[in-house]
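Data from protein_7.cif: mmCIF, C-alpha atoms
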data_query
#
loop_
_atom_site.label_atom_id
_atom_site.label_comp_id
_atom_site.auth_asym_id
_atom_site.auth_seq_id
_atom_site.Cartn_x
_atom_site.Cartn_y
_atom_site.Cartn_z
CA MET D 594 14.95 0.55 3.27
CA ASP D 595 14.46 4.30 2.97
CA PRO D 596 13.39 6.24 6.06
CA THR D 597 9.86 7.04 4.82
CA SER D 598 8.93 3.38 4.33
CA ALA D 599 10.49 2.49 7.68
CA LYS D 600 8.45 5.24 9.36
CA MET D 601 5.23 3.96 7.82
CA ILE D 602 5.92 0.40 8.90
CA GLY D 603 6.81 1.61 12.38
CA ALA D 604 3.62 3.65 12.64
CA GLY D 605 1.56 0.67 11.52
CA LEU D 606 3.21 -1.58 14.09
CA ALA D 607 2.71 0.97 16.87
CA ALA D 608 -0.98 1.27 16.07
CA ILE D 609 -1.50 -2.44 16.87
CA GLY D 610 -1.33 -1.42 20.54
CA VAL D 611 -4.81 0.08 20.48
CA ALA D 612 -6.24 -3.45 20.30
CA GLY D 613 -5.55 -3.93 24.00
CA ALA D 614 -7.56 -0.84 24.81
CA GLY D 615 -10.48 -2.19 22.79
CA VAL D 616 -10.52 -5.32 24.93
CA GLY D 617 -10.19 -3.26 28.11
CA ILE D 618 -12.98 -0.80 27.31
CA GLY D 619 -15.30 -3.64 26.33
CA ASN D 620 -14.48 -5.31 29.62
CA ILE D 621 -15.24 -2.18 31.64
CA PHE D 622 -18.59 -1.50 30.02
CA GLY D 623 -19.53 -5.17 30.20
CA SER D 624 -18.95 -5.15 33.95
CA LEU D 625 -20.74 -1.80 34.23
CA VAL D 626 -23.87 -3.09 32.48
CA SER D 627 -23.76 -6.34 34.42
CA SER D 628 -23.39 -4.63 37.79
CA ILE D 629 -26.20 -2.14 37.05
CA ALA D 630 -28.40 -5.04 35.96
CA ARG D 631 -27.76 -6.84 39.23
CA ASN D 632 -28.34 -3.79 41.41
CA PRO D 633 -30.04 -0.88 39.65
CA ALA D 634 -29.92 1.23 42.81
CA ALA D 635 -26.12 1.42 42.67
CA ARG D 636 -26.18 3.09 39.29
CA ASP D 637 -25.06 6.56 40.37
CA GLN D 638 -22.10 5.30 42.37
CA VAL D 639 -20.90 2.82 39.79
CA PHE D 640 -21.32 5.10 36.79
CA GLY D 641 -18.73 7.65 37.91
CA ILE D 642 -16.09 4.99 38.51
CA GLY D 643 -17.00 3.38 35.17
CA MET D 644 -16.40 6.65 33.34
CA LEU D 645 -13.09 7.12 35.13
CA GLY D 646 -12.03 3.58 34.18
CA PHE D 647 -13.07 4.14 30.59
CA ALA D 648 -11.06 7.34 30.31
CA LEU D 649 -7.96 5.78 31.88
CA THR D 650 -8.12 2.80 29.51
CA GLU D 651 -8.69 5.02 26.50
CA ALA D 652 -5.60 6.96 27.52
CA VAL D 653 -3.46 3.85 26.95
CA ALA D 654 -4.86 3.54 23.44
CA LEU D 655 -3.95 7.16 22.86
CA TYR D 656 -0.40 6.56 24.11
CA ALA D 657 -0.03 3.90 21.38
CA LEU D 658 -1.52 6.28 18.81
CA LEU D 659 0.84 8.99 20.03
CA ILE D 660 3.85 6.72 19.43
CA ALA D 661 2.53 5.97 15.96
CA PHE D 662 2.23 9.68 15.17
CA LEU D 663 5.63 10.41 16.71
CA VAL D 664 7.28 7.75 14.58
CA LEU D 665 5.45 8.89 11.47
CA TYR D 666 5.95 12.64 11.75
CA ALA D 667 8.48 13.56 14.40
CA VAL D 668 11.39 11.15 13.99
CA MET K 1197 -2.46 26.30 13.97
CA ILE K 1198 -1.16 28.94 16.31
CA GLU K 1199 -1.29 32.45 14.87
CA ARG K 1200 0.12 35.55 16.44
CA ILE K 1201 -2.49 38.24 16.98
CA VAL K 1202 -0.28 40.81 18.72
CA PRO K 1203 3.43 40.16 18.10
CA LEU K 1204 5.57 40.91 21.17
CA HIS K 1205 9.24 40.17 21.81
CA ILE K 1206 11.44 40.49 24.85
CA GLY K 1207 14.97 40.12 23.53
CA SER K 1208 14.88 36.85 21.62
CA VAL K 1209 11.89 35.40 23.51
CA ASP K 1210 8.62 35.39 21.63
CA ILE K 1211 5.77 36.27 23.97
CA SER K 1212 3.20 37.20 21.32
CA TYR K 1213 -0.48 37.20 22.14
CA THR K 1214 -1.61 34.25 20.05
CA ASN K 1215 -5.04 32.82 19.26
CA SER K 1216 -4.34 30.22 21.95
CA ALA K 1217 -3.89 33.01 24.50
CA LEU K 1218 -7.01 34.75 23.18
CA LEU K 1219 -9.08 31.61 23.74
CA MET K 1220 -7.67 31.16 27.23
CA THR K 1221 -8.71 34.75 27.97
CA ILE K 1222 -12.18 34.10 26.54
CA ALA K 1223 -12.51 30.96 28.66
CA VAL K 1224 -11.57 32.79 31.87
CA VAL K 1225 -13.90 35.70 31.05
CA LEU K 1226 -16.79 33.32 30.33
CA ILE K 1227 -16.26 31.40 33.56
CA THR K 1228 -16.10 34.61 35.58
CA LEU K 1229 -19.22 35.99 33.89
CA LEU K 1230 -21.11 32.73 34.45
CA LEU K 1231 -20.33 32.77 38.15
CA MET K 1232 -20.72 36.49 38.79
CA VAL K 1233 -23.80 37.19 36.69
CA GLY K 1234 -25.35 33.87 37.62
CA THR K 1235 -25.19 34.44 41.36
CA ARG K 1236 -25.89 38.18 41.30
CA ARG K 1237 -29.55 37.88 42.31
CA ARG K 1238 -29.03 35.16 44.92
CA ALA K 1239 -32.64 34.07 44.57
CA LEU K 1240 -33.77 31.22 46.78
CA VAL K 1241 -35.52 29.69 43.78
CA PRO K 1242 -32.72 29.96 41.23
CA SER K 1243 -33.08 31.21 37.69
CA ARG K 1244 -31.61 29.18 34.84
CA LEU K 1245 -28.17 30.80 34.90
CA GLN K 1246 -27.97 30.63 38.67
CA SER K 1247 -28.87 26.95 38.45
CA VAL K 1248 -25.96 26.32 36.12
CA ALA K 1249 -23.53 28.12 38.41
CA GLU K 1250 -24.88 26.25 41.44
CA LEU K 1251 -24.73 22.93 39.57
CA ALA K 1252 -21.07 23.44 38.74
CA TYR K 1253 -20.31 24.40 42.35
CA GLU K 1254 -22.21 21.46 43.80
CA PHE K 1255 -20.65 18.99 41.38
CA ILE K 1256 -17.08 19.93 42.28
CA ALA K 1257 -17.85 20.42 45.98
CA GLY K 1258 -19.34 16.92 46.08
CA MET K 1259 -16.34 15.49 44.25
CA VAL K 1260 -13.86 17.15 46.60
CA ASP K 1261 -15.79 16.20 49.72
CA GLU K 1262 -16.25 12.58 48.62
CA ASN K 1263 -12.65 12.03 47.54
CA ILE K 1264 -10.48 14.13 49.85
CA GLY K 1265 -12.79 14.30 52.84
CA HIS K 1266 -13.36 17.14 55.25
CA GLU K 1267 -9.99 18.87 54.77
CA GLY K 1268 -10.60 18.90 51.05
CA ILE K 1269 -12.45 22.19 51.19
CA GLU K 1270 -9.09 24.00 51.25
CA TYR K 1271 -8.37 22.70 47.78
CA PHE K 1272 -11.82 23.41 46.39
CA PRO K 1273 -10.93 26.70 44.60
CA LEU K 1274 -8.01 25.01 42.86
CA VAL K 1275 -10.00 21.96 41.77
CA PHE K 1276 -12.89 24.15 40.62
CA SER K 1277 -10.56 26.37 38.59
CA ILE K 1278 -8.87 23.40 36.96
CA PHE K 1279 -12.18 21.77 36.08
CA MET K 1280 -13.79 24.90 34.63
CA PHE K 1281 -10.65 25.94 32.73
CA VAL K 1282 -10.18 22.53 31.11
CA LEU K 1283 -13.93 22.15 30.42
CA PHE K 1284 -14.31 25.56 28.82
CA GLY K 1285 -11.07 25.08 26.89
CA ASN K 1286 -12.25 21.78 25.49
CA VAL K 1287 -15.75 23.04 24.66
CA LEU K 1288 -14.55 26.28 23.04
CA GLY K 1289 -12.54 24.12 20.65
CA LEU K 1290 -15.74 22.58 19.31
CA ILE K 1291 -16.81 25.87 17.76
CA PRO K 1292 -15.93 25.89 14.03
CA TYR K 1293 -12.95 28.06 13.10
CA SER K 1294 -11.96 28.14 16.78
CA PHE K 1295 -8.89 26.73 18.49
CA THR K 1296 -8.54 24.10 21.22
CA PHE K 1297 -5.84 25.34 23.52
CA THR K 1298 -5.88 22.07 25.49
CA SER K 1299 -4.80 20.20 22.36
CA HIS K 1300 -1.24 21.44 22.76
CA ILE K 1301 1.06 19.38 24.95
CA ILE K 1302 2.73 22.44 26.46
CA VAL K 1303 -0.55 23.71 27.92
CA THR K 1304 -1.63 20.34 29.32
CA PHE K 1305 1.89 19.63 30.54
CA ALA K 1306 1.97 22.94 32.38
CA LEU K 1307 -1.33 22.09 34.08
CA ALA K 1308 -0.27 18.53 34.91
CA LEU K 1309 3.17 19.58 36.17
CA PHE K 1310 1.53 22.21 38.36
CA VAL K 1311 -0.83 19.60 39.84
CA PHE K 1312 2.07 17.17 40.40
CA LEU K 1313 4.30 19.73 42.11
CA LEU K 1314 1.37 20.92 44.23
CA VAL K 1315 0.53 17.39 45.35
CA THR K 1316 4.19 16.64 46.19
CA LEU K 1317 4.60 19.90 48.13
CA VAL K 1318 1.33 19.36 50.02
CA ALA K 1319 2.50 15.85 50.96
CA PHE K 1320 5.86 17.17 52.16
CA ALA K 1321 4.20 19.96 54.13
CA ARG K 1322 1.82 17.59 55.87
CA HIS K 1323 3.97 14.55 56.44
CA GLY K 1324 7.57 15.73 56.26
CA ILE K 1325 10.05 12.91 55.82
CA HIS K 1326 7.32 10.29 56.15
CA PHE K 1327 6.39 11.17 52.57
CA PHE K 1328 8.81 8.49 51.39
CA GLY K 1329 6.77 5.87 53.23
CA PHE K 1330 4.22 6.27 50.47
CA PHE K 1331 6.39 4.22 48.14
CA PHE K 1332 6.30 1.17 50.38
CA PRO K 1333 2.67 0.06 50.70
CA PRO K 1334 1.74 -1.16 54.18
CA GLY K 1335 1.34 -4.88 54.56
CA ALA K 1336 3.83 -5.81 51.86
CA PRO K 1337 6.64 -8.25 52.84
CA VAL K 1338 9.98 -6.49 53.40
CA PHE K 1339 11.97 -8.66 51.01
CA MET K 1340 9.86 -7.33 48.12
CA ALA K 1341 10.99 -3.77 48.84
CA PRO K 1342 13.88 -3.66 46.29
CA ILE K 1343 11.39 -4.56 43.54
CA LEU K 1344 8.36 -2.69 44.81
CA VAL K 1345 9.86 0.68 45.72
CA PRO K 1346 11.43 1.48 42.30
CA ILE K 1347 8.19 0.47 40.59
CA GLU K 1348 6.19 2.72 42.89
CA ILE K 1349 8.63 5.62 42.38
CA VAL K 1350 8.48 5.30 38.59
CA SER K 1351 4.70 5.06 38.72
CA TYR K 1352 4.56 8.21 40.86
CA LEU K 1353 6.88 10.13 38.55
CA SER K 1354 4.84 9.13 35.51
CA ARG K 1355 1.74 10.86 36.90
CA PRO K 1356 2.29 14.27 35.24
CA VAL K 1357 3.22 12.53 31.99
CA SER K 1358 0.08 10.41 31.86
CA LEU K 1359 -2.16 13.25 33.07
CA SER K 1360 -0.94 15.64 30.40
CA ILE K 1361 -0.79 13.14 27.52
CA ARG K 1362 -4.29 11.82 28.26
CA LEU K 1363 -5.89 15.25 27.85
CA PHE K 1364 -3.69 16.35 24.96
CA ALA K 1365 -4.03 13.12 22.96
CA ASN K 1366 -7.82 12.95 23.40
CA MET K 1367 -8.26 16.50 22.17
CA MET K 1368 -5.79 16.20 19.31
CA ALA K 1369 -7.04 12.80 18.15
CA GLY K 1370 -10.68 13.90 18.00
CA HIS K 1371 -9.94 16.95 15.90
CA THR K 1372 -7.48 15.07 13.67
CA MET K 1373 -10.03 12.36 12.93
CA MET K 1374 -12.65 14.94 12.00
CA ALA K 1375 -10.15 16.63 9.70
CA VAL K 1376 -9.26 13.30 8.05
CA PHE K 1377 -12.88 12.41 7.37
CA ALA K 1378 -13.56 15.90 6.11
CA GLY K 1379 -10.75 15.34 3.61
CA PHE K 1380 -12.42 12.13 2.47
CA THR K 1381 -15.63 14.07 1.79
CA ILE K 1382 -13.89 16.06 -0.92
CA THR K 1383 -12.03 13.20 -2.56
CA LEU K 1384 -15.08 10.94 -2.75
CA GLY K 1385 -17.14 13.43 -4.76
CA LEU K 1386 -20.64 12.06 -5.15
CA PHE K 1387 -20.43 9.57 -2.27
CA GLY K 1388 -19.13 12.31 0.00
CA PHE K 1389 -22.15 12.18 2.29
CA PHE K 1390 -20.87 8.99 3.99
CA PRO K 1391 -17.86 10.76 5.54
CA ILE K 1392 -20.16 13.62 6.51
CA LEU K 1393 -22.41 11.21 8.43
CA ILE K 1394 -19.33 9.75 10.11
CA ASN K 1395 -18.22 13.29 10.95
CA VAL K 1396 -21.57 13.96 12.61
CA ALA K 1397 -21.12 10.85 14.76
CA LEU K 1398 -17.52 11.86 15.52
CA PHE K 1399 -18.69 15.32 16.57
CA ALA K 1400 -21.18 13.77 18.99
CA LEU K 1401 -18.35 11.62 20.36
CA GLU K 1402 -16.18 14.74 20.66
CA VAL K 1403 -18.84 16.49 22.75
CA ILE K 1404 -18.89 13.53 25.16
CA VAL K 1405 -15.09 13.32 25.21
CA THR K 1406 -14.63 17.02 26.04
CA ALA K 1407 -16.81 16.80 29.14
CA LEU K 1408 -15.40 13.41 30.11
CA GLN K 1409 -11.75 14.46 29.83
CA ALA K 1410 -12.36 17.55 31.95
CA TYR K 1411 -14.03 15.32 34.56
CA VAL K 1412 -11.21 12.78 34.46
CA PHE K 1413 -8.48 15.43 34.82
CA THR K 1414 -10.28 16.87 37.82
CA ILE K 1415 -11.04 13.60 39.54
CA LEU K 1416 -7.45 12.44 39.13
CA THR K 1417 -6.33 15.72 40.72
CA CYS K 1418 -8.69 14.94 43.62
CA LEU K 1419 -7.35 11.39 43.94
CA TYR K 1420 -3.72 12.59 43.96
CA LEU K 1421 -4.62 15.19 46.60
CA ARG K 1422 -6.25 12.42 48.62
CA ASP K 1423 -3.02 10.42 48.43
CA ALA K 1424 -1.12 13.49 49.59
CA VAL K 1425 -3.44 14.32 52.48
CA HIS K 1426 -4.13 10.81 53.81
CA LEU K 1427 -2.32 7.47 53.68
CA HIS K 1428 1.22 8.78 53.73
#
Can you turn what I pasted into structure tokens?
Amino acid sequence: MDPTSAKMIGAGLAAIGVAGAGVGIGNIFGSLVSSIARNPAARDQVFGIGMLGFALTEAVALYALLIAFLVLYAV
Amino acid sequence: MIERIVPLHIGSVDISYTNSALLMTIAVVLITLLLMVGTRRRALVPSRLQSVAELAYEFIAGMVDENIGHEGIEYFPLVFSIFMFVLFGNVLGLIPYSFTFTSHIIVTFALALFVFLLVTLVAFARHGIHFFGFFFPPGAPVFMAPILVPIEIVSYLSRPVSLSIRLFANMMAGHTMMAVFAGFTITLGLFGFFPILINVALFALEVIVTALQAYVFTILTCLYLRDAVHLH
């Protein structure tokens, strides 16, 4: 197998990792909506933590994307 | 891409003034102007610009006070500078034909490494040798120490890595996706308005992501400072 094809397959495999982040982000926003629906007064406190959680989870998706790009272009 | 505006060399080291450096200068000048011109009149009922400057101050002061506590006010100038620098850097990259200096790993790694070294030094200065007690959480059974302590050490050492890669990858990915869809616009010819609509949505997402990533970088700095100041 020549290196270019191997790189493309590797990048494709690495990109599968973003699926976990999709589940995680959906989970966070589901809990956020549910908790605001239960207690609308807590919205300001919960929203900040929700945004922090979203950004941290999205970062994991970007690590997977970073590996995909590294394999595709930098190896 | 990075272009040299004023080529400078010291020996074999290239220290040219690039467009990245130009945008960093513009960001610092804009922040300084916002704060100085905004608070020049010191009116009790603030004007629009003064409101913006006061909003930024209150936002970060509240964040520092809530997360680090009363001693956090010592770190307020640092946290404020980090937040404004990253925010303005991200937002200046949204201007067409401009450059996002936070989309380069060396810039974000320098910021994250600085935060990490600062937090470690603050912890050493405050707690001395008890700093190493941080890696063994209180209330954990002693026989778990050989497993728990290496995991905690690795997780602590990965903080600058995750902090820098989070900001860099978010900025780079947003701009790369917009470039990819812009390329589709040309190749699709007549149906090229679909990628343009997607680009509009992506740009809206980018605006949210720039503000959010600046907020996340800052609040993680506050949380690491809280770990350094308390609970060691």
Point-to-point distance from atom CA of K:Thr1296 to atom CA of K:Ser1216, Å rounded to tenths:
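One can read the atom CA of K:Thr1296 to atom CA of K:Ser1216 distance as 7.5 Å.
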| task | For chain K, list the residues within 9 Å of chain D, counting all atoms listed in the file, and write the list as a list in words. | result |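 That gives Ser1358, Ile1361, Arg1362, Leu1363, Ala1365, Asn1366, Ala1369, Val1405, Leu1408, Gln1409, Tyr1411, Val1412, Ile1415 and Leu1416 of chain K for chain K.
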- Message: One number please: atom CA of D:Ala667 to atom CA of D:Met594, in Å, one decimal.
- Response: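 Straight-line distance from atom CA of D:Ala667 to atom CA of D:Met594 works out to 18.3 Å.
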Would you work out the distance separating atom CA of K:Phe1310 from atom CA of K:Leu1231, expressed in Å to one decimal?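 Result for atom CA of K:Phe1310 versus atom CA of K:Leu1231: 24.3 Å, one decimal.
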**Prompt:** Can you tell me, as number ranges by chain, what residues are no more than 8 Å from K:Gln1246 when counting only C-alpha atoms, ignoring any on the same chain fewer than 5 positions away?
**Reply:** K: 1231, 1234-1235, 1238
query: Evaluating the PyMOL selection byres ((chain K and resi 1316) around 12) on the displayed file yields which residues, as a ChimeraX atom specification?
result: /K:1309-1315,1317-1325,1327-1328,1330,1352-1353,1355-1356,1417,1420-1425,1428
What would the file look like if the residues just selected were written as a PDB file, in the coordinates of the input with C-alpha atoms?
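The result, written out as selection-v2.pdb:
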ATOM      1  CA  LEU K1309       3.170  19.580  36.170  1.00  0.00           C
ATOM      2  CA  PHE K1310       1.530  22.210  38.360  1.00  0.00           C
ATOM      3  CA  VAL K1311      -0.830  19.600  39.840  1.00  0.00           C
ATOM      4  CA  PHE K1312       2.070  17.170  40.400  1.00  0.00           C
ATOM      5  CA  LEU K1313       4.300  19.730  42.110  1.00  0.00           C
ATOM      6  CA  LEU K1314       1.370  20.920  44.230  1.00  0.00           C
ATOM      7  CA  VAL K1315       0.530  17.390  45.350  1.00  0.00           C
ATOM      8  CA  LEU K1317       4.600  19.900  48.130  1.00  0.00           C
ATOM      9  CA  VAL K1318       1.330  19.360  50.020  1.00  0.00           C
ATOM     10  CA  ALA K1319       2.500  15.850  50.960  1.00  0.00           C
ATOM     11  CA  PHE K1320       5.860  17.170  52.160  1.00  0.00           C
ATOM     12  CA  ALA K1321       4.200  19.960  54.130  1.00  0.00           C
ATOM     13  CA  ARG K1322       1.820  17.590  55.870  1.00  0.00           C
ATOM     14  CA  HIS K1323       3.970  14.550  56.440  1.00  0.00           C
ATOM     15  CA  GLY K1324       7.570  15.730  56.260  1.00  0.00           C
ATOM     16  CA  ILE K1325      10.050  12.910  55.820  1.00  0.00           C
ATOM     17  CA  PHE K1327       6.390  11.170  52.570  1.00  0.00           C
ATOM     18  CA  PHE K1328       8.810   8.490  51.390  1.00  0.00           C
ATOM     19  CA  PHE K1330       4.220   6.270  50.470  1.00  0.00           C
ATOM     20  CA  TYR K1352       4.560   8.210  40.860  1.00  0.00           C
ATOM     21  CA  LEU K1353       6.880  10.130  38.550  1.00  0.00           C
ATOM     22  CA  ARG K1355       1.740  10.860  36.900  1.00  0.00           C
ATOM     23  CA  PRO K1356       2.290  14.270  35.240  1.00  0.00           C
ATOM     24  CA  THR K1417      -6.330  15.720  40.720  1.00  0.00           C
ATOM     25  CA  TYR K1420      -3.720  12.590  43.960  1.00  0.00           C
ATOM     26  CA  LEU K1421      -4.620  15.190  46.600  1.00  0.00           C
ATOM     27  CA  ARG K1422      -6.250  12.420  48.620  1.00  0.00           C
ATOM     28  CA  ASP K1423      -3.020  10.420  48.430  1.00  0.00           C
ATOM     29  CA  ALA K1424      -1.120  13.490  49.590  1.00  0.00           C
ATOM     30  CA  VAL K1425      -3.440  14.320  52.480  1.00  0.00           C
ATOM     31  CA  HIS K1428       1.220   8.780  53.730  1.00  0.00           C
TER      32      HIS K1428
END
query: Excluding same-chain residues fewer than 2 positions from stretch 1270-1277 of chain K, what lies within 7 Å of it counting all atoms listed in the file, as a list in words?
result: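 Near stretch 1270-1277 of chain K, the qualifying residues are Ile1256, Ala1257, Val1260, Glu1267, Gly1268, Phe1279, Met1280, Phe1281 and Thr1414 of chain K.
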Q.
I want to know what sits within 12 Å of K:Thr1372, based on all atoms listed in the file, with residues of the same chain fewer than 4 positions away left out; could you give that as a ChimeraX atom specification?
A. /D:658,662 /K:1296,1299,1364-1368,1376-1379,1395,1398-1399,1402
Report as a short mmCIF file (atom, residue, chain, number, x, y, z; two decimals) with C-alpha atoms, keeping the file's coordinate frame all protein, DNA and RNA residues lying within 9 Å of D:Gly603, evaluated on all atoms listed in the file, omitting residues in the same chain fewer than 4 positions from it.
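The new file out34.cif reads:
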data_model
loop_
_atom_site.label_atom_id
_atom_site.label_comp_id
_atom_site.auth_asym_id
_atom_site.auth_seq_id
_atom_site.Cartn_x
_atom_site.Cartn_y
_atom_site.Cartn_z
CA SER D 598 8.93 3.38 4.33
CA ALA D 599 10.49 2.49 7.68
CA ALA D 607 2.71 0.97 16.87
CA ALA D 608 -0.98 1.27 16.07
CA ALA D 661 2.53 5.97 15.96
CA VAL D 664 7.28 7.75 14.58
CA LEU D 665 5.45 8.89 11.47
#
- Task: Give me the residues within 8 Å of K:Phe1297 as an NGL selection string, counting all atoms listed in the file and dropping any in the same chain fewer than 4 places off.
- Result: :K and (1216-1217 or 1219-1220 or 1285-1286 or 1289 or 1303)
